[in-house]
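The structure file protein.tsv is reproduced below (TSV, C-alpha atoms).
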chain	number	residue	atom	x	y	z
A	1	MET	CA	18.03	42.89	18.56
A	2	SER	CA	20.50	42.29	21.40
A	3	LEU	CA	23.95	40.91	20.70
A	4	LYS	CA	24.29	37.22	21.55
A	5	LEU	CA	27.55	36.56	23.39
A	6	PRO	CA	29.26	33.21	23.95
A	7	LYS	CA	28.36	31.71	27.35
A	8	PHE	CA	31.94	31.90	28.67
A	9	LEU	CA	32.25	35.63	27.93
A	10	ASN	CA	31.16	37.08	31.26
A	11	LYS	CA	32.45	39.24	34.12
A	12	SER	CA	34.35	36.48	35.89
A	13	TYR	CA	36.10	35.45	32.64
A	14	LEU	CA	37.24	39.00	31.91
A	15	GLU	CA	38.20	39.55	35.55
A	16	ARG	CA	40.44	36.47	35.57
A	17	ILE	CA	42.22	37.57	32.39
A	18	LEU	CA	42.67	41.13	33.63
A	19	GLN	CA	44.15	39.87	36.88
A	20	GLN	CA	46.57	37.67	34.98
A	21	HIS	CA	47.44	40.32	32.39
A	22	GLU	CA	48.15	43.03	34.96
A	23	SER	CA	49.53	40.66	37.64
A	24	ASP	CA	47.07	41.96	40.20
A	25	LEU	CA	44.60	39.63	41.90
A	26	SER	CA	42.77	42.55	43.51
A	27	ILE	CA	41.23	43.64	40.21
A	28	SER	CA	37.46	43.35	40.01
A	29	VAL	CA	35.30	44.00	36.96
A	30	GLU	CA	32.43	46.41	37.58
A	31	ASN	CA	30.75	45.98	34.21
A	32	PHE	CA	31.50	45.47	30.52
A	33	GLU	CA	29.84	46.08	27.16
A	34	CYS	CA	30.38	44.27	23.84
A	35	LYS	CA	29.66	45.64	20.38
A	36	PRO	CA	30.47	44.26	16.92
A	37	ALA	CA	34.02	45.35	16.08
A	38	VAL	CA	33.41	45.44	12.31
A	39	ALA	CA	30.42	46.02	10.06
A	40	ALA	CA	28.76	43.22	8.12
A	41	GLY	CA	30.76	42.32	5.01
A	42	ASN	CA	34.14	42.81	6.68
A	43	ASN	CA	34.49	39.49	8.50
A	44	TYR	CA	32.96	36.09	7.76
A	45	ALA	CA	34.69	33.27	9.59
A	46	SER	CA	34.54	34.46	13.22
A	47	GLN	CA	32.98	36.91	15.65
A	48	LEU	CA	34.79	40.11	16.62
A	49	PHE	CA	33.65	42.09	19.65
A	50	ARG	CA	34.90	45.48	20.76
A	51	THR	CA	34.65	45.08	24.52
A	52	SER	CA	34.71	48.06	26.88
A	53	ILE	CA	35.55	47.05	30.45
A	54	LYS	CA	35.19	49.12	33.60
A	55	TYR	CA	37.13	47.66	36.52
A	56	LYS	CA	38.45	48.55	39.95
A	57	LYS	CA	42.18	48.46	40.68
A	58	ASN	CA	43.74	49.79	43.88
A	59	SER	CA	40.42	51.47	44.73
A	60	LYS	CA	40.49	53.34	41.42
A	61	ILE	CA	38.05	52.87	38.56
A	62	CYS	CA	39.86	52.05	35.32
A	63	GLU	CA	38.69	51.45	31.78
A	64	LYS	CA	40.06	49.27	29.01
A	65	SER	CA	39.03	48.39	25.48
A	66	TRP	CA	39.77	44.93	24.08
A	67	ILE	CA	39.00	43.21	20.81
A	68	ILE	CA	37.76	39.68	21.46
A	69	LYS	CA	37.90	37.25	18.56
A	70	THR	CA	35.99	34.03	18.97
A	71	VAL	CA	34.27	31.31	16.98
A	72	HIS	CA	31.27	31.92	14.75
A	73	ALA	CA	27.86	32.15	16.41
A	74	ASP	CA	26.22	29.80	13.90
A	75	GLU	CA	26.86	26.19	14.97
A	76	GLU	CA	26.77	24.76	11.43
A	77	ILE	CA	29.21	27.36	10.11
A	78	ASN	CA	31.31	26.79	13.20
A	79	LYS	CA	31.57	23.08	12.36
A	80	ILE	CA	32.84	23.94	8.87
A	81	ILE	CA	35.43	26.37	10.25
A	82	ALA	CA	36.51	23.87	12.92
A	83	LYS	CA	36.98	21.15	10.29
A	84	SER	CA	39.26	23.47	8.30
A	85	GLY	CA	41.45	24.11	11.35
A	86	LEU	CA	41.49	27.87	10.72
A	87	PHE	CA	40.98	29.01	14.28
A	88	GLN	CA	43.43	26.49	15.69
A	89	LYS	CA	46.09	27.82	13.35
A	90	GLU	CA	45.63	31.37	14.56
A	91	LEU	CA	45.83	30.29	18.18
A	92	ILE	CA	49.16	28.60	17.41
A	93	MET	CA	50.40	31.66	15.53
A	94	TYR	CA	49.86	33.98	18.48
A	95	ASP	CA	50.95	31.48	21.09
A	96	ARG	CA	54.11	30.05	19.49
A	97	ILE	CA	55.09	31.42	16.08
A	98	LEU	CA	54.72	35.20	16.25
A	99	PRO	CA	56.69	35.52	19.52
A	100	LYS	CA	59.59	33.78	17.72
A	101	PHE	CA	59.38	36.38	14.97
A	102	GLN	CA	59.50	39.12	17.60
A	103	LYS	CA	62.67	37.61	19.10
A	104	LEU	CA	64.36	37.73	15.68
A	105	LEU	CA	63.56	41.44	15.46
A	106	GLU	CA	65.20	41.94	18.84
A	107	ILE	CA	68.29	39.95	17.82
A	108	ILE	CA	69.05	42.34	14.96
A	109	GLY	CA	68.12	45.40	17.01
A	110	ASP	CA	65.07	46.22	14.91
A	111	THR	CA	62.43	48.17	16.84
A	112	ASP	CA	59.82	47.63	14.14
A	113	LYS	CA	56.63	45.69	14.90
A	114	ILE	CA	54.84	43.46	12.42
A	115	TYR	CA	51.94	42.44	14.66
A	116	SER	CA	50.32	43.29	17.98
A	117	PRO	CA	50.86	40.58	20.64
A	118	ALA	CA	47.75	38.92	22.03
A	119	VAL	CA	46.63	39.79	25.53
A	120	PHE	CA	45.40	36.23	26.03
A	121	VAL	CA	45.27	33.07	23.89
A	122	ASP	CA	42.46	30.77	25.02
A	123	PHE	CA	42.69	27.32	23.41
A	124	GLU	CA	39.83	25.95	25.51
A	125	ASN	CA	37.29	28.46	24.17
A	126	SER	CA	38.97	29.10	20.79
A	127	THR	CA	39.30	32.75	21.62
A	128	ILE	CA	41.99	35.41	21.31
A	129	ILE	CA	41.96	38.74	23.12
A	130	PHE	CA	43.82	41.76	21.73
A	131	ASN	CA	44.41	45.32	22.75
A	132	ASP	CA	42.15	47.63	20.79
A	133	LEU	CA	44.50	49.04	18.15
A	134	LYS	CA	42.15	51.96	17.54
A	135	GLN	CA	43.09	53.15	21.01
A	136	GLU	CA	46.72	53.15	19.83
A	137	GLY	CA	45.96	55.23	16.75
A	138	TYR	CA	45.64	52.42	14.18
A	139	GLU	CA	42.76	52.12	11.74
A	140	LEU	CA	41.65	50.21	8.68
A	141	ALA	CA	42.41	51.68	5.27
A	142	ASP	CA	39.84	52.27	2.54
A	143	ARG	CA	38.79	48.77	1.49
A	144	LEU	CA	36.75	49.83	-1.54
A	145	ASN	CA	39.29	52.19	-3.11
A	146	GLY	CA	42.31	50.02	-2.33
A	147	LEU	CA	45.86	50.92	-1.33
A	148	ASP	CA	48.21	53.35	-3.06
A	149	GLU	CA	51.99	53.16	-3.40
A	150	ASP	CA	52.72	54.67	0.05
A	151	HIS	CA	50.63	51.99	1.74
A	152	ILE	CA	52.08	49.23	-0.42
A	153	GLN	CA	55.71	50.18	0.23
A	154	LEU	CA	55.02	49.98	3.95
A	155	LEU	CA	53.30	46.61	3.57
A	156	MET	CA	56.14	45.16	1.48
A	157	ARG	CA	58.57	46.10	4.26
A	158	LYS	CA	56.48	44.20	6.79
A	159	ILE	CA	55.53	41.13	4.78
A	160	ALA	CA	59.13	40.70	3.59
A	161	LYS	CA	60.19	40.52	7.26
A	162	PHE	CA	57.40	38.07	8.01
A	163	HIS	CA	58.56	35.78	5.19
A	164	ALA	CA	62.26	36.24	5.98
A	165	PHE	CA	61.74	35.25	9.63
A	166	SER	CA	60.05	32.02	8.59
A	167	MET	CA	62.96	31.21	6.25
A	168	ILE	CA	65.47	31.80	9.07
A	169	LEU	CA	63.55	29.60	11.53
A	170	MET	CA	63.36	26.79	8.98
A	171	GLU	CA	67.04	27.11	8.05
A	172	ASN	CA	68.09	27.03	11.72
A	173	GLU	CA	65.72	24.10	12.36
A	174	GLU	CA	64.03	26.07	15.13
A	175	GLU	CA	60.65	25.65	13.47
A	176	ASP	CA	59.30	23.48	10.65
A	177	PHE	CA	55.71	24.75	10.93
A	178	PRO	CA	54.06	21.30	11.04
A	179	GLU	CA	50.54	22.74	11.41
A	180	PHE	CA	50.96	24.89	8.31
A	181	GLN	CA	52.16	22.37	5.72
A	182	ASP	CA	48.82	21.21	4.30
A	183	LYS	CA	47.43	22.67	1.09
A	184	PRO	CA	45.39	25.77	1.91
A	185	ILE	CA	42.68	24.73	-0.54
A	186	ASN	CA	41.04	21.73	1.07
A	187	GLY	CA	38.56	19.28	-0.33
A	188	THR	CA	35.65	20.09	1.97
A	189	SER	CA	32.28	20.35	0.29
A	190	ALA	CA	31.76	23.85	1.75
A	191	PHE	CA	34.91	25.15	0.10
A	192	GLN	CA	34.11	23.48	-3.21
A	193	ASN	CA	30.61	24.97	-3.08
A	194	PHE	CA	32.11	28.41	-2.50
A	195	VAL	CA	34.60	28.19	-5.39
A	196	ASN	CA	32.08	26.68	-7.79
A	197	SER	CA	29.32	29.12	-6.89
A	198	MET	CA	31.62	32.12	-7.45
A	199	PHE	CA	32.82	30.73	-10.79
A	200	ASP	CA	29.27	29.98	-11.94
A	201	THR	CA	28.05	33.44	-10.92
A	202	CYS	CA	30.95	35.03	-12.76
A	203	LEU	CA	30.18	32.98	-15.87
A	204	ASP	CA	26.51	34.03	-15.71
A	205	GLN	CA	27.55	37.69	-15.56
A	206	LEU	CA	30.00	37.23	-18.41
A	207	LYS	CA	27.20	35.88	-20.61
A	208	THR	CA	25.45	39.27	-20.36
A	209	TRP	CA	28.45	41.21	-21.74
A	210	GLN	CA	28.24	41.94	-25.45
A	211	GLY	CA	31.44	41.18	-27.34
A	212	TYR	CA	32.76	38.68	-24.79
A	213	GLU	CA	31.25	35.57	-26.37
A	214	LYS	CA	34.61	33.89	-27.06
A	215	TYR	CA	35.54	34.17	-23.38
A	216	VAL	CA	32.21	32.62	-22.37
A	217	THR	CA	32.95	29.59	-24.54
A	218	LYS	CA	36.42	29.18	-23.05
A	219	MET	CA	35.23	29.70	-19.48
A	220	GLU	CA	32.51	27.10	-19.89
A	221	LYS	CA	35.18	24.54	-20.81
A	222	LEU	CA	37.51	25.76	-18.08
A	223	ARG	CA	34.80	25.07	-15.49
A	224	GLU	CA	35.63	21.34	-15.65
A	225	THR	CA	39.21	21.80	-14.44
A	226	PHE	CA	39.02	25.12	-12.55
A	227	LEU	CA	39.07	23.68	-9.04
A	228	PHE	CA	41.80	21.16	-9.90
A	229	LYS	CA	44.02	23.80	-11.52
A	230	SER	CA	43.45	26.18	-8.61
A	231	ARG	CA	44.70	23.54	-6.20
A	232	GLU	CA	47.76	23.00	-8.39
A	233	MET	CA	48.84	26.60	-7.77
A	234	PHE	CA	49.45	25.68	-4.14
A	235	GLN	CA	52.16	23.12	-4.80
A	236	LYS	CA	55.37	23.85	-2.93
A	237	SER	CA	58.25	25.27	-4.93
A	238	GLU	CA	61.08	22.87	-5.73
A	239	THR	CA	63.47	25.60	-6.93
A	240	LEU	CA	63.03	28.57	-4.57
A	241	PRO	CA	62.55	28.77	-0.79
A	242	ASN	CA	59.01	28.31	0.52
A	243	VAL	CA	57.91	30.70	3.26
A	244	LEU	CA	55.16	30.98	5.83
A	245	ASN	CA	52.54	32.96	3.91
A	246	HIS	CA	50.09	35.17	5.76
A	247	GLY	CA	47.51	33.54	3.52
A	248	ASP	CA	44.85	36.24	3.67
A	249	LEU	CA	46.86	39.34	2.89
A	250	TRP	CA	44.17	41.87	2.07
A	251	VAL	CA	43.43	45.39	3.20
A	252	ASN	CA	41.15	44.45	6.12
A	253	ASN	CA	43.89	42.32	7.67
A	254	MET	CA	46.25	45.22	8.23
A	255	MET	CA	45.84	48.31	10.39
A	256	PHE	CA	47.59	51.58	9.60
A	257	LYS	CA	48.76	54.51	11.66
A	258	TYR	CA	48.70	57.81	9.78
A	259	ASN	CA	50.81	60.93	10.17
A	260	LYS	CA	48.48	63.62	11.53
A	261	GLU	CA	50.11	66.37	9.47
A	262	THR	CA	50.64	64.70	6.10
A	263	GLY	CA	47.91	62.07	6.27
A	264	LYS	CA	50.37	59.49	4.92
A	265	PRO	CA	50.72	56.02	6.48
A	266	GLU	CA	53.70	55.73	8.80
A	267	ASP	CA	53.17	52.29	10.30
A	268	LEU	CA	51.07	49.16	9.92
A	269	LEU	CA	50.44	45.98	11.88
A	270	LEU	CA	49.34	42.70	10.34
A	271	ILE	CA	46.30	41.01	11.87
A	272	ASP	CA	44.28	37.81	11.32
A	273	PHE	CA	46.57	34.80	10.93
A	274	GLN	CA	43.94	32.08	10.37
A	275	LEU	CA	45.04	31.11	6.87
A	276	CYS	CA	48.83	30.87	7.22
A	277	PHE	CA	50.54	28.16	5.18
A	278	VAL	CA	54.02	27.25	3.93
A	279	ARG	CA	54.19	27.86	0.18
A	280	PRO	CA	55.93	30.14	-2.36
A	281	PRO	CA	55.88	33.86	-1.38
A	282	VAL	CA	54.24	34.96	-4.64
A	283	ILE	CA	50.94	33.55	-3.35
A	284	ASP	CA	50.76	36.32	-0.73
A	285	LEU	CA	51.90	38.97	-3.22
A	286	MET	CA	49.45	38.07	-5.99
A	287	TYR	CA	46.54	37.72	-3.57
A	288	PHE	CA	47.32	41.11	-2.06
A	289	ASN	CA	47.48	42.86	-5.42
A	290	ILE	CA	44.21	41.41	-6.70
A	291	SER	CA	42.34	41.97	-3.45
A	292	SER	CA	43.72	45.26	-2.18
A	293	SER	CA	45.77	47.43	-4.55
A	294	ASN	CA	43.98	50.45	-5.96
A	295	LEU	CA	42.66	49.96	-9.47
A	296	ASP	CA	45.52	51.71	-11.28
A	297	ILE	CA	48.23	49.69	-9.52
A	298	LYS	CA	46.24	46.47	-9.85
A	299	LEU	CA	45.90	46.88	-13.59
A	300	ASN	CA	49.03	48.76	-14.63
A	301	GLN	CA	51.78	48.64	-12.00
A	302	ASN	CA	51.42	45.27	-10.30
A	303	TRP	CA	54.91	44.05	-11.28
A	304	ASP	CA	56.37	46.91	-9.21
A	305	ILE	CA	55.10	45.17	-6.09
A	306	LEU	CA	57.48	42.27	-6.69
A	307	ALA	CA	60.45	44.66	-6.93
A	308	MET	CA	59.54	46.36	-3.66
A	309	TYR	CA	59.18	42.99	-2.00
A	310	GLN	CA	62.40	41.41	-3.26
A	311	GLU	CA	64.49	44.41	-2.18
A	312	ASN	CA	63.12	44.19	1.37
A	313	LEU	CA	63.37	40.40	1.51
A	314	ALA	CA	67.04	40.41	0.48
A	315	LEU	CA	67.85	43.20	2.95
A	316	ASN	CA	66.32	41.34	5.90
A	317	LEU	CA	67.78	37.96	5.02
A	318	LYS	CA	71.26	39.50	4.86
A	319	LYS	CA	70.74	41.16	8.25
A	320	LEU	CA	69.66	37.84	9.73
A	321	GLY	CA	72.67	35.96	8.30
A	322	PHE	CA	70.67	33.72	5.97
A	323	LYS	CA	73.00	31.09	4.50
A	324	GLY	CA	70.77	29.85	1.69
A	325	LYS	CA	70.16	31.32	-1.72
A	326	ILE	CA	68.26	34.62	-1.68
A	327	PRO	CA	65.70	34.69	-4.53
A	328	THR	CA	66.48	37.27	-7.21
A	329	LEU	CA	63.84	39.58	-8.62
A	330	PHE	CA	63.94	37.69	-11.93
A	331	GLU	CA	63.35	34.38	-10.13
A	332	ILE	CA	60.37	35.80	-8.25
A	333	GLN	CA	58.97	37.21	-11.49
A	334	CYS	CA	59.34	33.80	-13.15
A	335	GLN	CA	57.59	32.19	-10.19
A	336	ARG	CA	54.69	34.58	-10.59
A	337	ILE	CA	54.31	33.64	-14.27
A	338	GLU	CA	54.47	29.96	-13.31
A	339	ARG	CA	51.63	30.53	-10.82
A	340	GLN	CA	49.64	32.97	-12.99
A	341	PHE	CA	46.49	30.85	-12.85
A	342	TYR	CA	46.29	31.80	-9.17
A	343	GLU	CA	45.67	35.38	-10.31
A	344	LEU	CA	42.71	34.20	-12.36
A	345	MET	CA	41.31	32.31	-9.38
A	346	ALA	CA	41.82	35.29	-7.03
A	347	VAL	CA	40.01	37.68	-9.37
A	348	ILE	CA	37.01	35.40	-9.81
A	349	VAL	CA	36.72	33.93	-6.31
A	350	ALA	CA	38.24	36.45	-3.89
A	351	SER	CA	38.09	39.96	-5.34
A	352	PRO	CA	34.26	40.21	-5.45
A	353	VAL	CA	34.21	39.44	-1.72
A	354	MET	CA	36.80	42.13	-0.99
A	355	LEU	CA	34.96	44.73	-3.09
A	356	ASN	CA	31.49	43.87	-1.81
A	357	GLU	CA	29.46	46.94	-0.78
A	358	GLN	CA	26.34	45.07	0.41
A	359	GLU	CA	25.72	44.65	4.12
A	360	ASP	CA	22.42	42.78	3.93
A	361	ASN	CA	23.06	39.01	3.85
A	362	ALA	CA	26.84	39.62	3.96
A	363	ASP	CA	27.60	36.40	5.79
A	364	PHE	CA	29.24	33.01	5.30
A	365	GLU	CA	25.96	31.39	4.27
A	366	SER	CA	25.64	33.67	1.23
A	367	PHE	CA	28.81	32.20	-0.28
A	368	VAL	CA	28.05	28.50	0.10
A	369	SER	CA	24.26	28.28	0.02
A	370	ASP	CA	22.13	27.72	-3.08
A	371	SER	CA	19.16	29.60	-1.67
A	372	PRO	CA	17.53	32.35	-3.80
A	373	ALA	CA	18.77	35.03	-1.36
A	374	ALA	CA	22.33	33.71	-1.54
A	375	ARG	CA	22.29	33.55	-5.34
A	376	GLN	CA	20.95	37.09	-5.53
A	377	PHE	CA	23.65	38.30	-3.12
A	378	ARG	CA	26.40	36.79	-5.28
A	379	GLU	CA	24.89	38.19	-8.48
A	380	GLN	CA	24.83	41.70	-7.04
A	381	MET	CA	28.36	41.30	-5.71
A	382	LEU	CA	29.71	40.51	-9.19
A	383	LYS	CA	27.99	43.56	-10.67
A	384	ASN	CA	30.47	45.75	-8.78
A	385	ALA	CA	31.98	48.28	-11.23
A	386	LYS	CA	35.56	47.76	-10.01
A	387	PHE	CA	35.24	43.99	-10.34
A	388	ILE	CA	33.86	44.31	-13.87
A	389	LYS	CA	36.69	46.63	-14.91
A	390	THR	CA	39.27	44.28	-13.41
A	391	LEU	CA	37.86	41.20	-15.13
A	392	LYS	CA	37.55	42.98	-18.48
A	393	HIS	CA	41.19	44.07	-18.17
A	394	PHE	CA	42.58	40.65	-17.34
A	395	LEU	CA	40.49	38.40	-19.62
A	396	PRO	CA	42.45	39.21	-22.83
A	397	ILE	CA	45.75	38.99	-20.93
A	398	TRP	CA	44.88	35.55	-19.56
A	399	ASP	CA	43.65	34.47	-22.98
A	400	ASN	CA	46.92	35.53	-24.65
A	401	MET	CA	48.82	33.54	-22.01
A	402	GLY	CA	46.71	30.44	-22.71
A	403	LEU	CA	45.22	30.39	-19.22
A	404	LEU	CA	41.65	30.16	-20.52
A	405	ASP	CA	42.41	27.12	-22.63
A	406	GLN	CA	41.87	23.60	-21.32
A	407	LEU	CA	45.04	22.92	-19.40
A	408	HIS	CA	44.73	19.14	-18.88
Would you mind writing the file's structure down as structure tokens?
Amino acid sequence: MSLKLPKFLNKSYLERILQQHESDLSISVENFECKPAVAAGNNYASQLFRTSIKYKKNSKICEKSWIIKTVHADEEINKIIAKSGLFQKELIMYDRILPKFQKLLEIIGDTDKIYSPAVFVDFENSTIIFNDLKQEGYELADRLNGLDEDHIQLLMRKIAKFHAFSMILMENEEEDFPEFQDKPINGTSAFQNFVNSMFDTCLDQLKTWQGYEKYVTKMEKLRETFLFKSREMFQKSETLPNVLNHGDLWVNNMMFKYNKETGKPEDLLLIDFQLCFVRPPVIDLMYFNISSSNLDIKLNQNWDILAMYQENLALNLKKLGFKGKIPTLFEIQCQRIERQFYELMAVIVASPVMLNEQEDNADFESFVSDSPAARQFREQMLKNAKFIKTLKHFLPIWDNMGLLDQLH
């Protein structure tokens, strides 16, 4: 079956952007080819094309590879995404916000990069064009096995800078992030269907586990307030600084460059800024751990992530001359406990998606539909061995904290 491309994505479109990007009106596109940039199950809310372009410049034939990110092919799904404002947020991030972050790096003489600038931001067609980071030696890490300490230390260095830059811009009144102030969990029926369907599927699986009957009883009661309590976790902090969260900080939204001799990660770039929002920083940290740490760190060393983060955050804020109060490690730990219900939500709703190994029916429809195929897809997704081990580990911890009791 041939790949269906958006109508605007043609030779003249690519030619115009190439001419603008390389400041050369003589450029002419000979031909181009688009392929899916990721396999099914790795991206749900948009289309990603790896686009190979052959073009003529100064009588020479040149080649270039771009990643083109555009709206979903399905019109109904596209309406849902458009209503959420996700794509608009990412356009704004690449057009206005991320360049400001880059300037702050330059001010302190830091040659580090936290993202790859867009080649072209197209508001009219809701499309962003990027250089192909694979051509620059970057690649995705192992989604199913999760990230080890070397990867996580590198990530904490980058995300601490990302958060610190947002704090500086807000303190200096250079940016108040008006488009990113709303609660990330909205009241759309599609989102509610997604959360409820994941909770219900999890509860159905839990009912098949011998010896977990008391958790079934508590989860059945928790179902009444689960969505409400989940939304509560996204209240702004009144005691510690709020930051611009990445919002979807999982392994597939970061690309690593590895040392060819040691095989260890030596750099990473953050990608996919559709879900950014201004809230407490622990939201990013807890979501990352549940979605992307390897199983040992997720279950046994997850508090260490906060220590790595706080050290980097304090270092960068001092470099940038931050005048406000820098959160201590103890304060960040207390904030995590205060928001612990978010961990429960992330395990039940998000982690099965991140650990999914199925490619058939791995699409947006399978999360919100009540069709037999969609229900079967979700059931199989929650039979993942890593998910089961994670849930079995956390259930008694949550129960001892009172998180499974009726909270309102």
- Mind giving me the straight-line distance from atom CA of Lys207 of chain A to atom CA of Ser371 of chain A in Å, one decimal?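 A separation of 21.5 Å between them.
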- When you draw a straight line from atom CA of Asp267 of chain A to atom CA of Thr51 of chain A, how long is it in Å?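 Distance reported for this atom pair: 24.4 Å.
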Is it possible to get the residues within 10 Å of (43.6, 46.7, -7.1) (coordinates as in the file, counting only C-alpha atoms) written as a PDB file with C-alpha atoms, in the frame of the given file?
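Full text of selection11.pdb as output:
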ATOM      1  CA  LEU A 144      36.750  49.830  -1.540  1.00  0.00           C
ATOM      2  CA  ASN A 145      39.290  52.190  -3.110  1.00  0.00           C
ATOM      3  CA  GLY A 146      42.310  50.020  -2.330  1.00  0.00           C
ATOM      4  CA  LEU A 147      45.860  50.920  -1.330  1.00  0.00           C
ATOM      5  CA  ASP A 148      48.210  53.350  -3.060  1.00  0.00           C
ATOM      6  CA  PHE A 288      47.320  41.110  -2.060  1.00  0.00           C
ATOM      7  CA  ASN A 289      47.480  42.860  -5.420  1.00  0.00           C
ATOM      8  CA  ILE A 290      44.210  41.410  -6.700  1.00  0.00           C
ATOM      9  CA  SER A 291      42.340  41.970  -3.450  1.00  0.00           C
ATOM     10  CA  SER A 292      43.720  45.260  -2.180  1.00  0.00           C
ATOM     11  CA  SER A 293      45.770  47.430  -4.550  1.00  0.00           C
ATOM     12  CA  ASN A 294      43.980  50.450  -5.960  1.00  0.00           C
ATOM     13  CA  LEU A 295      42.660  49.960  -9.470  1.00  0.00           C
ATOM     14  CA  ASP A 296      45.520  51.710 -11.280  1.00  0.00           C
ATOM     15  CA  ILE A 297      48.230  49.690  -9.520  1.00  0.00           C
ATOM     16  CA  LYS A 298      46.240  46.470  -9.850  1.00  0.00           C
ATOM     17  CA  LEU A 299      45.900  46.880 -13.590  1.00  0.00           C
ATOM     18  CA  ASN A 300      49.030  48.760 -14.630  1.00  0.00           C
ATOM     19  CA  GLN A 301      51.780  48.640 -12.000  1.00  0.00           C
ATOM     20  CA  ASN A 302      51.420  45.270 -10.300  1.00  0.00           C
ATOM     21  CA  VAL A 347      40.010  37.680  -9.370  1.00  0.00           C
ATOM     22  CA  SER A 351      38.090  39.960  -5.340  1.00  0.00           C
ATOM     23  CA  LEU A 355      34.960  44.730  -3.090  1.00  0.00           C
ATOM     24  CA  LYS A 386      35.560  47.760 -10.010  1.00  0.00           C
ATOM     25  CA  PHE A 387      35.240  43.990 -10.340  1.00  0.00           C
ATOM     26  CA  THR A 390      39.270  44.280 -13.410  1.00  0.00           C
TER      27      THR A 390
END
- Min atom-atom distance to Ile305 of chain A from the set A:Pro396, A:Lys229, A:Gly109, A:Leu155, counting only C-alpha atoms, belongs to A:Leu155
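Atom CA of Gln205 of chain A sits 19.0 Å away from atom CA of Glu343 of chain A.
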